[in-house]
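Enquirer: For reference, the file structure.pdb (PDB, C-alpha atoms and all ligand atoms) is included below:
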```
ATOM      1  CA  MET A1356     -87.284 -42.828  -9.364  1.00  0.00           C
ATOM      2  CA  SER A1357     -88.932 -40.004  -7.411  1.00  0.00           C
ATOM      3  CA  LYS A1358     -91.126 -37.350  -8.975  1.00  0.00           C
ATOM      4  CA  VAL A1359     -90.458 -33.626  -8.769  1.00  0.00           C
ATOM      5  CA  LYS A1360     -92.583 -30.610  -9.651  1.00  0.00           C
ATOM      6  CA  LYS A1361     -91.403 -28.670 -12.665  1.00  0.00           C
ATOM      7  CA  LYS A1362     -92.627 -25.314 -13.920  1.00  0.00           C
ATOM      8  CA  VAL A1363     -93.731 -25.624 -17.557  1.00  0.00           C
ATOM      9  CA  LYS A1364     -93.895 -22.402 -19.584  1.00  0.00           C
ATOM     10  CA  THR A1365     -96.126 -22.248 -22.648  1.00  0.00           C
ATOM     11  CA  ILE A1366     -97.490 -19.665 -25.059  1.00  0.00           C
ATOM     12  CA  LYS A1367    -101.044 -20.086 -26.300  1.00  0.00           C
ATOM     13  CA  ILE A1368    -101.692 -18.850 -29.847  1.00  0.00           C
ATOM     14  CA  ASP A1369    -105.087 -17.494 -30.921  1.00  0.00           C
ATOM     15  CA  LEU A1370    -105.072 -17.501 -34.737  1.00  0.00           C
ATOM     16  CA  ASP A1371    -108.263 -15.466 -34.914  1.00  0.00           C
ATOM     17  CA  LYS A1372    -106.478 -12.537 -33.280  1.00  0.00           C
ATOM     18  CA  CYS A1373    -103.238 -12.564 -35.304  1.00  0.00           C
ATOM     19  CA  ASN A1374    -103.182  -9.958 -38.097  1.00  0.00           C
ATOM     20  CA  GLY A1375     -99.686 -10.813 -39.353  1.00  0.00           C
ATOM     21  CA  CYS A1376     -98.041  -7.577 -38.131  1.00  0.00           C
ATOM     22  CA  ARG A1377     -94.763  -9.474 -37.430  1.00  0.00           C
ATOM     23  CA  ALA A1378     -93.961  -7.394 -34.319  1.00  0.00           C
ATOM     24  CA  CYS A1379     -93.182 -10.709 -32.571  1.00  0.00           C
ATOM     25  CA  GLU A1380     -90.522 -11.573 -35.178  1.00  0.00           C
ATOM     26  CA  VAL A1381     -88.956  -8.106 -34.930  1.00  0.00           C
ATOM     27  CA  VAL A1382     -88.637  -8.070 -31.141  1.00  0.00           C
ATOM     28  CA  CYS A1383     -87.444 -11.688 -30.927  1.00  0.00           C
ATOM     29  CA  SER A1384     -84.660 -11.129 -33.453  1.00  0.00           C
ATOM     30  CA  ALA A1385     -83.639  -7.847 -31.758  1.00  0.00           C
ATOM     31  CA  PHE A1386     -83.565  -9.499 -28.311  1.00  0.00           C
ATOM     32  CA  HIS A1387     -81.311 -12.280 -29.622  1.00  0.00           C
ATOM     33  CA  ALA A1388     -79.005  -9.943 -31.590  1.00  0.00           C
ATOM     34  CA  LYS A1389     -75.443  -9.630 -30.327  1.00  0.00           C
ATOM     35  CA  PRO A1390     -75.139  -7.148 -28.668  1.00  0.00           C
ATOM     36  CA  LYS A1391     -78.761  -7.333 -27.535  1.00  0.00           C
ATOM     37  CA  TYR A1392     -81.115  -4.978 -29.466  1.00  0.00           C
ATOM     38  CA  SER A1393     -78.298  -3.883 -31.815  1.00  0.00           C
ATOM     39  CA  SER A1394     -80.195  -5.034 -34.938  1.00  0.00           C
ATOM     40  CA  ASN A1395     -83.324  -6.818 -36.042  1.00  0.00           C
ATOM     41  CA  ASN A1396     -83.761  -9.370 -38.791  1.00  0.00           C
ATOM     42  CA  PRO A1397     -86.896 -11.538 -38.725  1.00  0.00           C
ATOM     43  CA  ALA A1398     -84.887 -14.338 -40.374  1.00  0.00           C
ATOM     44  CA  ARG A1399     -83.165 -14.711 -36.977  1.00  0.00           C
ATOM     45  CA  SER A1400     -86.426 -14.819 -35.025  1.00  0.00           C
ATOM     46  CA  ARG A1401     -87.455 -17.867 -32.976  1.00  0.00           C
ATOM     47  CA  ILE A1402     -91.066 -17.236 -33.889  1.00  0.00           C
ATOM     48  CA  ARG A1403     -92.002 -17.127 -37.597  1.00  0.00           C
ATOM     49  CA  LEU A1404     -95.169 -16.065 -39.341  1.00  0.00           C
ATOM     50  CA  ILE A1405     -96.562 -18.335 -42.020  1.00  0.00           C
ATOM     51  CA  ARG A1406     -98.360 -15.652 -44.060  1.00  0.00           C
ATOM     52  CA  ASP A1407    -100.640 -15.570 -47.066  1.00  0.00           C
ATOM     53  CA  PRO A1408    -102.424 -12.198 -46.860  1.00  0.00           C
ATOM     54  CA  LEU A1409    -104.584 -12.828 -49.953  1.00  0.00           C
ATOM     55  CA  LYS A1410    -106.069 -15.863 -48.207  1.00  0.00           C
ATOM     56  CA  ASP A1411    -106.095 -14.215 -44.768  1.00  0.00           C
ATOM     57  CA  VAL A1412    -103.674 -16.859 -43.446  1.00  0.00           C
ATOM     58  CA  TYR A1413    -101.481 -15.775 -40.512  1.00  0.00           C
ATOM     59  CA  LEU A1414     -99.956 -18.563 -38.464  1.00  0.00           C
ATOM     60  CA  PRO A1415     -97.301 -17.798 -35.797  1.00  0.00           C
ATOM     61  CA  VAL A1416     -95.051 -20.830 -35.131  1.00  0.00           C
ATOM     62  CA  TYR A1417     -92.388 -21.200 -32.441  1.00  0.00           C
ATOM     63  CA  ALA A1418     -88.996 -22.760 -33.180  1.00  0.00           C
ATOM     64  CA  GLY A1419     -88.675 -26.132 -31.466  1.00  0.00           C
ATOM     65  CA  GLU A1420     -86.257 -29.022 -31.759  1.00  0.00           C
ATOM     66  CA  TYR A1421     -83.699 -29.558 -34.524  1.00  0.00           C
ATOM     67  CA  ALA A1422     -84.526 -32.445 -36.904  1.00  0.00           C
ATOM     68  CA  ALA A1423     -81.615 -34.030 -38.759  1.00  0.00           C
ATOM     69  CA  ALA A1424     -83.819 -35.553 -41.472  1.00  0.00           C
ATOM     70  CA  GLU A1425     -86.972 -34.336 -43.194  1.00  0.00           C
ATOM     71  CA  CYS A1426     -90.150 -36.264 -42.410  1.00  0.00           C
ATOM     72  CA  MET A1427     -92.823 -37.682 -44.734  1.00  0.00           C
ATOM     73  CA  GLY A1428     -95.567 -35.313 -43.572  1.00  0.00           C
ATOM     74  CA  ARG A1429     -97.113 -33.658 -46.633  1.00  0.00           C
ATOM     75  CA  GLY A1430    -100.760 -33.608 -45.561  1.00  0.00           C
ATOM     76  CA  LYS A1431    -103.158 -30.646 -45.834  1.00  0.00           C
ATOM     77  CA  TYR A1432    -105.405 -29.197 -43.167  1.00  0.00           C
ATOM     78  CA  VAL A1433    -108.450 -27.025 -43.830  1.00  0.00           C
ATOM     79  CA  ILE A1434    -109.413 -25.000 -40.759  1.00  0.00           C
ATOM     80  CA  ASP A1435    -112.211 -22.425 -40.972  1.00  0.00           C
ATOM     81  CA  GLY A1436    -111.999 -22.636 -44.764  1.00  0.00           C
ATOM     82  CA  LYS A1437    -108.257 -21.816 -44.800  1.00  0.00           C
ATOM     83  CA  GLU A1438    -105.793 -24.367 -46.120  1.00  0.00           C
ATOM     84  CA  TYR A1439    -102.533 -25.131 -44.328  1.00  0.00           C
ATOM     85  CA  SER A1440     -99.864 -27.671 -45.111  1.00  0.00           C
ATOM     86  CA  GLU A1441     -98.622 -30.034 -42.421  1.00  0.00           C
ATOM     87  CA  CYS A1442     -95.211 -28.358 -42.618  1.00  0.00           C
ATOM     88  CA  ASP A1443     -96.770 -24.978 -41.720  1.00  0.00           C
ATOM     89  CA  PHE A1444     -97.408 -26.130 -38.151  1.00  0.00           C
ATOM     90  CA  CYS A1445     -94.063 -27.838 -37.676  1.00  0.00           C
ATOM     91  CA  ARG A1446     -91.634 -26.323 -35.160  1.00  0.00           C
ATOM     92  CA  ALA A1447     -88.524 -28.153 -36.342  1.00  0.00           C
ATOM     93  CA  SER A1448     -85.466 -26.752 -38.032  1.00  0.00           C
ATOM     94  CA  CYS A1449     -85.172 -29.410 -40.754  1.00  0.00           C
ATOM     95  CA  PRO A1450     -83.353 -29.889 -44.100  1.00  0.00           C
ATOM     96  CA  SER A1451     -86.441 -29.335 -46.266  1.00  0.00           C
ATOM     97  CA  ARG A1452     -86.999 -25.629 -45.496  1.00  0.00           C
ATOM     98  CA  ASP A1453     -85.170 -22.450 -44.537  1.00  0.00           C
ATOM     99  CA  VAL A1454     -87.063 -21.378 -41.417  1.00  0.00           C
ATOM    100  CA  PHE A1455     -85.527 -21.587 -37.950  1.00  0.00           C
ATOM    101  CA  LYS A1456     -81.968 -21.459 -39.224  1.00  0.00           C
ATOM    102  CA  GLU A1457     -79.501 -18.736 -38.343  1.00  0.00           C
ATOM    103  CA  PRO A1458     -79.030 -16.998 -41.744  1.00  0.00           C
ATOM    104  CA  ASP A1459     -75.213 -16.669 -41.607  1.00  0.00           C
ATOM    105  CA  SER A1460     -74.217 -19.969 -40.040  1.00  0.00           C
ATOM    106  CA  GLY A1461     -77.242 -22.152 -40.880  1.00  0.00           C
ATOM    107  CA  LEU A1462     -77.314 -23.291 -37.237  1.00  0.00           C
ATOM    108  CA  PRO A1463     -80.754 -24.229 -35.871  1.00  0.00           C
ATOM    109  CA  LEU A1464     -82.677 -21.671 -33.830  1.00  0.00           C
ATOM    110  CA  LYS A1465     -84.859 -22.604 -30.871  1.00  0.00           C
ATOM    111  CA  CYS A1466     -87.214 -20.508 -28.727  1.00  0.00           C
ATOM    112  CA  ASP A1467     -85.696 -20.099 -25.244  1.00  0.00           C
ATOM    113  CA  MET A1468     -88.674 -18.255 -23.750  1.00  0.00           C
ATOM    114  CA  CYS A1469     -86.516 -15.101 -23.632  1.00  0.00           C
ATOM    115  CA  GLU A1470     -84.167 -16.368 -20.929  1.00  0.00           C
ATOM    116  CA  ASP A1471     -82.683 -13.287 -19.357  1.00  0.00           C
ATOM    117  CA  ASP A1472     -81.015 -12.018 -16.201  1.00  0.00           C
ATOM    118  CA  PRO A1473     -83.023 -10.567 -14.520  1.00  0.00           C
ATOM    119  CA  ALA A1474     -85.876 -12.658 -15.938  1.00  0.00           C
ATOM    120  CA  GLN A1475     -88.411 -11.012 -18.217  1.00  0.00           C
ATOM    121  CA  GLU A1476     -91.875 -10.741 -16.700  1.00  0.00           C
ATOM    122  CA  LYS A1477     -93.299 -12.348 -19.882  1.00  0.00           C
ATOM    123  CA  PRO A1478     -91.661 -13.455 -23.147  1.00  0.00           C
ATOM    124  CA  LEU A1479     -91.083 -10.420 -25.362  1.00  0.00           C
ATOM    125  CA  CYS A1480     -93.180 -11.667 -28.286  1.00  0.00           C
ATOM    126  CA  VAL A1481     -96.142 -11.851 -25.889  1.00  0.00           C
ATOM    127  CA  GLN A1482     -95.448  -8.338 -24.588  1.00  0.00           C
ATOM    128  CA  TRP A1483     -95.232  -6.927 -28.116  1.00  0.00           C
ATOM    129  CA  CYS A1484     -98.283  -8.648 -29.554  1.00  0.00           C
ATOM    130  CA  LEU A1485    -100.769  -5.788 -29.265  1.00  0.00           C
ATOM    131  CA  ASN A1486    -103.586  -7.972 -30.608  1.00  0.00           C
ATOM    132  CA  ASP A1487    -103.339 -10.434 -27.694  1.00  0.00           C
ATOM    133  CA  ALA A1488    -102.855 -13.323 -30.108  1.00  0.00           C
ATOM    134  CA  LEU A1489    -100.141 -14.695 -27.797  1.00  0.00           C
ATOM    135  CA  THR A1490    -100.850 -15.537 -24.150  1.00  0.00           C
ATOM    136  CA  TYR A1491     -98.160 -16.641 -21.716  1.00  0.00           C
ATOM    137  CA  GLU A1492     -99.095 -19.476 -19.342  1.00  0.00           C
ATOM    138  CA  GLU A1493     -97.273 -21.315 -16.568  1.00  0.00           C
ATOM    139  CA  ARG A1494     -98.294 -24.601 -14.986  1.00  0.00           C
ATOM    140  CA  GLU A1495     -96.709 -27.160 -12.679  1.00  0.00           C
ATOM    141  CA  GLU A1496     -96.194 -30.733 -13.861  1.00  0.00           C
ATOM    142  CA  GLU A1497     -94.906 -33.778 -12.008  1.00  0.00           C
ATOM    143  CA  VAL A1498     -91.928 -35.297 -13.829  1.00  0.00           C
ATOM    144  CA  GLU A1499     -89.359 -37.991 -13.075  1.00  0.00           C
ATOM    145  CA  GLU A1500     -86.402 -36.534 -11.217  1.00  0.00           C
ATOM    146  CA  GLU A1501     -83.384 -36.205 -13.508  1.00  0.00           C
ATOM    147  CA  VAL A1502     -80.328 -38.194 -12.410  1.00  0.00           C
ATOM    148  CA  LYS A1503     -77.436 -35.764 -12.543  1.00  0.00           C
ATOM    149  CA  PRO A1504     -73.924 -37.082 -13.307  1.00  0.00           C
ATOM    150  CA  GLY A1505     -72.812 -35.629  -9.941  1.00  0.00           C
ATOM    151  CA  ASP A1506     -75.410 -37.757  -8.114  1.00  0.00           C
ATOM    152  CA  VAL A1507     -74.145 -40.944  -9.836  1.00  0.00           C
ATOM    153  CA  GLU A1508     -70.555 -40.137  -8.881  1.00  0.00           C
ATOM    154  CA  ALA A1509     -71.533 -39.454  -5.262  1.00  0.00           C
ATOM    155  CA  GLY A1510     -73.447 -42.774  -5.166  1.00  0.00           C
ATOM    156  CA  LEU A1511     -70.471 -44.703  -6.583  1.00  0.00           C
ATOM    157  CA  GLU A1512     -68.096 -43.086  -4.103  1.00  0.00           C
ATOM    158  CA  SER A1513     -70.210 -44.102  -1.132  1.00  0.00           C
ATOM    159  CA  MET A1514     -70.467 -47.707  -2.461  1.00  0.00           C
ATOM    160  CA  VAL A1515     -66.685 -47.850  -2.883  1.00  0.00           C
ATOM    161  CA  ASP A1516     -66.277 -46.559   0.704  1.00  0.00           C
ATOM    162  CA  LYS A1517     -68.679 -49.202   1.992  1.00  0.00           C
ATOM    163  CA  TYR A1518     -67.725 -52.313  -0.060  1.00  0.00           C
ATOM    164  CA  GLY A1519     -64.287 -51.552  -1.513  1.00  0.00           C
ATOM    165  CA  LEU A1520     -63.342 -50.721  -5.100  1.00  0.00           C
ATOM    166  CA  GLN A1521     -62.765 -54.308  -6.333  1.00  0.00           C
ATOM    167  CA  LYS A1522     -66.170 -55.532  -5.147  1.00  0.00           C
ATOM    168  CA  VAL A1523     -67.937 -52.618  -6.895  1.00  0.00           C
ATOM    169  CA  ILE A1524     -65.980 -53.281 -10.146  1.00  0.00           C
ATOM    170  CA  ASP A1525     -66.831 -57.037 -10.004  1.00  0.00           C
ATOM    171  CA  THR A1526     -70.524 -56.280  -9.433  1.00  0.00           C
ATOM    172  CA  VAL A1527     -70.718 -53.764 -12.310  1.00  0.00           C
ATOM    173  CA  ALA A1528     -68.930 -56.238 -14.632  1.00  0.00           C
ATOM    174  CA  ARG A1529     -71.420 -58.984 -13.632  1.00  0.00           C
ATOM    175  CA  MET A1530     -74.392 -56.702 -14.268  1.00  0.00           C
ATOM    176  CA  ALA A1531     -72.969 -55.636 -17.658  1.00  0.00           C
ATOM    177  CA  LYS A1532     -72.714 -59.305 -18.716  1.00  0.00           C
ATOM    178  CA  LYS A1533     -76.335 -59.974 -17.787  1.00  0.00           C
ATOM    179  CA  SER A1534     -77.684 -56.963 -19.778  1.00  0.00           C
TER     180      SER A1534
HETATM  181  S1  LIG A1601     -90.574 -16.453 -26.298  1.00  0.00           S
HETATM  182 FE1  LIG A1601     -88.806 -15.110 -26.648  1.00  0.00          FE
HETATM  183  S2  LIG A1601     -87.334 -16.480 -27.668  1.00  0.00           S
HETATM  184 FE2  LIG A1601     -89.326 -17.445 -27.867  1.00  0.00          FE
HETATM  185  S3  LIG A1601     -90.161 -16.694 -29.806  1.00  0.00           S
HETATM  186 FE3  LIG A1601     -90.947 -15.325 -28.210  1.00  0.00          FE
HETATM  187  S4  LIG A1601     -89.492 -13.610 -28.188  1.00  0.00           S
HETATM  188 FE4  LIG A1601     -88.497 -15.318 -29.262  1.00  0.00          FE
HETATM  189  S1  LIG A1602     -97.244  -9.786 -32.951  1.00  0.00           S
HETATM  190 FE1  LIG A1602     -99.149 -10.917 -32.614  1.00  0.00          FE
HETATM  191  S2  LIG A1602    -100.539 -10.193 -34.202  1.00  0.00           S
HETATM  192 FE2  LIG A1602     -98.462  -9.579 -34.818  1.00  0.00          FE
HETATM  193  S3  LIG A1602     -97.780 -11.281 -36.118  1.00  0.00           S
HETATM  194 FE3  LIG A1602     -97.039 -11.739 -34.058  1.00  0.00          FE
HETATM  195  S4  LIG A1602     -98.657 -13.039 -33.187  1.00  0.00           S
HETATM  196 FE4  LIG A1602     -99.544 -12.046 -34.984  1.00  0.00          FE
END
```
Can you dump the structure from the file as structure tokens?
Ligand code: SF4
Ligand code: SF4

Expert:
Amino acid sequence: MSKVKKKVKTIKIDLDKCNGCRACEVVCSAFHAKPKYSSNNPARSRIRLIRDPLKDVYLPVYAGEYAAAECMGRGKYVIDGKEYSECDFCRASCPSRDVFKEPDSGLPLKCDMCEDDPAQEKPLCVQWCLNDALTYEEREEEVEEEVKPGDVEAGLESMVDKYGLQKVIDTVARMAKKS
């Protein structure tokens, strides 16, 4: 399979610069409100702050993939004298906690990098983080080219044109038996 270049968008988080202001949560939830900017509710944000002001713990976490089952991770991390649980860093919407779930429907939330038309210059949480704790980065990566269903259909059509339908069916049936 051939390789293609893909633009990968990431946000780098500098914990030392985050003061827990939650501006990122406010703007993200407002941007995703329907209609856009009609309300804000941090519970709908795709970035959430794990906060413990008495211990000076402020950890911004982006919503990632949905997880159908909770995992066994219950470890502890101590970083610069501050204690975090393994769950604190997790990006999943999972059954064992309430974060990254749409409050009304319970549906999982996922960061979409502020997809918009026209495109935003930078994700809004990055633009609104006045402490520069969030930095937007883009890089190119080589990945396997995705096979689109349309490509498969076009390939099958040309084989049928060349060899005839029955021969293609017989060959596919033979291959299916072998696998
Ligand atoms: S990049 Fe956009 S969608 Fe993702 S957390 Fe930030 S504001 Fe929300
Ligand atoms: S806007 Fe920046 S400083 Fe404020 S909570 Fe979010 S990441 Fe932290």

Enquirer: Within 7 Å of ligand LIG 1601 (chain A), counting all atoms listed in the file: which residues, as a list in words?

Expert: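 Result of the 7 Å neighbour search around ligand LIG 1601 (chain A): Cys1379, Val1382, Cys1383, Ser1400, Arg1401, Ile1402, Tyr1417, Cys1466, Asp1467, Met1468, Cys1469, Pro1478, Leu1479, Cys1480 and Val1481 of chain A.
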
Enquirer: For a quick check of understanding, using all atoms listed in the file, which of A:Asp1443, A:Gln1482, A:Ala1398, A:Arg1406 has the smallest distance to Gly1428 (chain A)?

Expert: A:Asp1443

Enquirer: Please identify the residues whose atoms come within 6 Å of ligand LIG 1602 (chain A), using only C-alpha atoms and all ligand atoms, and report them as a PyMOL selection string.

Expert: chain A and resi 1373-1379+1415+1483-1484+1486+1488-1489

Enquirer: Go ahead and compute the interatomic distance for CA of Val1363 (chain A) and CA of Lys1465 (chain A), in Å to one decimal.

Expert: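 These two atoms are separated by 16.3 Å.
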
Enquirer: Calculate how many Å separate CA of Ala1447 (chain A) from CA of Val1359 (chain A), rounding to one decimal.

Expert: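 Pair CA of Ala1447 (chain A) / CA of Val1359 (chain A) returns 28.2 Å.
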
Enquirer: Please compute the CA of Glu1420 (chain A)-CA of Cys1442 (chain A) distance, one decimal, in Å.

Expert: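 Answer for the CA of Glu1420 (chain A) to CA of Cys1442 (chain A) separation: 14.1 Å.
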
Enquirer: Please write the residues picked by the PyMOL selection byres (((chain A and resi 1424) around 10) and not hetatm) on this file as a PDB file with C-alpha atoms, in the frame of the given file.

Expert:
```pdb
ATOM      1  CA  TYR A1421     -83.699 -29.558 -34.524  1.00  0.00           C
ATOM      2  CA  ALA A1422     -84.526 -32.445 -36.904  1.00  0.00           C
ATOM      3  CA  ALA A1423     -81.615 -34.030 -38.759  1.00  0.00           C
ATOM      4  CA  GLU A1425     -86.972 -34.336 -43.194  1.00  0.00           C
ATOM      5  CA  CYS A1426     -90.150 -36.264 -42.410  1.00  0.00           C
ATOM      6  CA  MET A1427     -92.823 -37.682 -44.734  1.00  0.00           C
ATOM      7  CA  SER A1448     -85.466 -26.752 -38.032  1.00  0.00           C
ATOM      8  CA  CYS A1449     -85.172 -29.410 -40.754  1.00  0.00           C
ATOM      9  CA  PRO A1450     -83.353 -29.889 -44.100  1.00  0.00           C
ATOM     10  CA  SER A1451     -86.441 -29.335 -46.266  1.00  0.00           C
TER      11      SER A1451
END
```

Enquirer: Which residue is closest to Glu1457 (chain A)? Choose from A:Glu1380, A:Lys1362, A:Pro1397, A:Lys1367 and count only C-alpha atoms.

Expert: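 Looking at the shortest contact to Glu1457 (chain A), the residue is A:Pro1397.
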
Enquirer: Restricting the calculation to all atoms listed in the file: of A:Lys1372, A:Ala1388, A:Glu1470, A:Phe1455, which residue gets closest to Leu1485 (chain A)?

Expert: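 Using all atoms listed in the file, Leu1485 (chain A) sits closest to A:Lys1372.
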